[in-house]
Amino acid sequence: MTPILYVKSGCPYCKAAKEHLDGRDISYEEVDVRGNDGAMKKLQELSGQTKTPTLDWDGDILADFGTDELKEFLKDRVAA
């Protein structure tokens with residue numbers, strides 16, 4: 001399953017998360033929740049909150065994170 005990255009346009013943490021994933025050549029689907037009620041509802045169902053970035057990695061949820069948390073999260077999911 002392709003990871004899904006929930007973002008809000010203009011969010012600096014979202015930009016950093018995308019740059020980190022792109023830099024590691026990790027494929028993901030980007031979903032901008034700003035102005036998208038359906039996507040925002042899905043984000044709330046998954047994580048219990050509305051903060052971004054939020055990453056859904058095959059049902060494992062990392063919510064409201066910075067790059068340090070993302071690096072740790074990816075350790076067990078992506079080969080170095």
# chains A, B, ... in the order shown; residues from 1 in each chain; ligands from 1
>>> residues_around(residues="stretch 26-43 of chain A", least_positions_apart="4", cutoff="9 Å", atoms="only C-alpha atoms", output="VMD selection string")
chain A and resid 2 to 9 18 20 to 22 47 to 52 54 78
>>> select_by_dssp(residues="chain A", states="strand (DSSP E)", output="ChimeraX atom specification")
/A:4-7,29-32,54-57,60-63
>>> select_by_dssp(residues="chain A", states="alpha helix (DSSP H)", output="PyMOL selection string")
chain A and resi 12-23+37-47+67-75
>>> write_last_selection(atoms="N, CA and C atoms", output="tab-separated table (two decimals), in the first residue's frame")
chain	number	residue	atom	x	y	z
A	12	PRO	N	4.83	24.69	6.81
A	12	PRO	CA	6.27	24.45	6.68
A	12	PRO	C	6.69	23.05	7.12
A	13	TYR	N	5.99	22.47	8.09
A	13	TYR	CA	6.31	21.10	8.53
A	13	TYR	C	5.95	20.09	7.45
A	14	CYS	N	4.86	20.37	6.73
A	14	CYS	CA	4.46	19.51	5.61
A	14	CYS	C	5.50	19.57	4.51
A	15	LYS	N	5.97	20.75	4.21
A	15	LYS	CA	7.01	20.92	3.18
A	15	LYS	C	8.26	20.14	3.56
A	16	ALA	N	8.66	20.24	4.82
A	16	ALA	CA	9.86	19.52	5.28
A	16	ALA	C	9.65	18.01	5.20
A	17	ALA	N	8.45	17.54	5.53
A	17	ALA	CA	8.16	16.11	5.46
A	17	ALA	C	8.23	15.63	4.01
A	18	LYS	N	7.64	16.39	3.09
A	18	LYS	CA	7.68	16.02	1.68
A	18	LYS	C	9.12	16.00	1.17
A	19	GLU	N	9.91	17.00	1.54
A	19	GLU	CA	11.31	17.04	1.11
A	19	GLU	C	12.09	15.85	1.64
A	20	HIS	N	11.81	15.45	2.87
A	20	HIS	CA	12.51	14.29	3.45
A	20	HIS	C	12.12	13.01	2.72
A	21	LEU	N	10.83	12.81	2.50
A	21	LEU	CA	10.38	11.61	1.79
A	21	LEU	C	10.92	11.59	0.36
A	22	ASP	N	10.86	12.72	-0.32
A	22	ASP	CA	11.38	12.81	-1.69
A	22	ASP	C	12.88	12.53	-1.72
A	23	GLY	N	13.60	13.05	-0.73
A	23	GLY	CA	15.04	12.86	-0.66
A	23	GLY	C	15.44	11.42	-0.43
A	37	ASP	N	-13.30	18.90	2.63
A	37	ASP	CA	-13.99	18.39	3.81
A	37	ASP	C	-13.88	16.87	3.95
A	38	GLY	N	-13.96	16.15	2.84
A	38	GLY	CA	-13.85	14.69	2.89
A	38	GLY	C	-12.49	14.24	3.39
A	39	ALA	N	-11.45	14.87	2.89
A	39	ALA	CA	-10.09	14.52	3.31
A	39	ALA	C	-9.85	14.90	4.77
A	40	MET	N	-10.39	16.05	5.19
A	40	MET	CA	-10.25	16.46	6.59
A	40	MET	C	-10.96	15.48	7.51
A	41	LYS	N	-12.13	15.02	7.11
A	41	LYS	CA	-12.87	14.05	7.92
A	41	LYS	C	-12.07	12.75	8.05
A	42	LYS	N	-11.48	12.29	6.94
A	42	LYS	CA	-10.67	11.08	6.96
A	42	LYS	C	-9.46	11.26	7.87
A	43	LEU	N	-8.82	12.41	7.81
A	43	LEU	CA	-7.69	12.72	8.69
A	43	LEU	C	-8.10	12.62	10.16
A	44	GLN	N	-9.25	13.19	10.48
A	44	GLN	CA	-9.75	13.15	11.86
A	44	GLN	C	-10.06	11.72	12.30
A	45	GLU	N	-10.62	10.92	11.40
A	45	GLU	CA	-10.92	9.52	11.72
A	45	GLU	C	-9.64	8.74	12.00
A	46	LEU	N	-8.62	8.99	11.20
A	46	LEU	CA	-7.36	8.25	11.34
A	46	LEU	C	-6.58	8.63	12.58
A	47	SER	N	-6.50	9.95	12.83
A	47	SER	CA	-5.57	10.42	13.86
A	47	SER	C	-6.23	11.05	15.08
A	67	THR	N	10.68	16.40	11.27
A	67	THR	CA	11.53	15.46	10.56
A	67	THR	C	12.22	14.46	11.49
A	68	ASP	N	12.53	14.84	12.72
A	68	ASP	CA	13.16	13.89	13.64
A	68	ASP	C	12.22	12.71	13.92
A	69	GLU	N	10.95	13.01	14.16
A	69	GLU	CA	9.97	11.95	14.40
A	69	GLU	C	9.76	11.11	13.14
A	70	LEU	N	9.79	11.76	11.99
A	70	LEU	CA	9.63	11.03	10.73
A	70	LEU	C	10.79	10.08	10.50
A	71	LYS	N	12.01	10.53	10.75
A	71	LYS	CA	13.18	9.66	10.59
A	71	LYS	C	13.05	8.43	11.47
A	72	GLU	N	12.65	8.60	12.71
A	72	GLU	CA	12.49	7.48	13.64
A	72	GLU	C	11.39	6.53	13.16
A	73	PHE	N	10.28	7.09	12.71
A	73	PHE	CA	9.15	6.30	12.21
A	73	PHE	C	9.56	5.45	11.01
A	74	LEU	N	10.39	6.00	10.14
A	74	LEU	CA	10.78	5.31	8.92
A	74	LEU	C	11.81	4.21	9.16
A	75	LYS	N	12.52	4.25	10.28
A	75	LYS	CA	13.59	3.28	10.55
A	75	LYS	C	13.13	1.84	10.35
>>> atom_distance(atom1="atom CA of A:Asp25", atom2="atom CA of A:Ile61")
19.9 Å
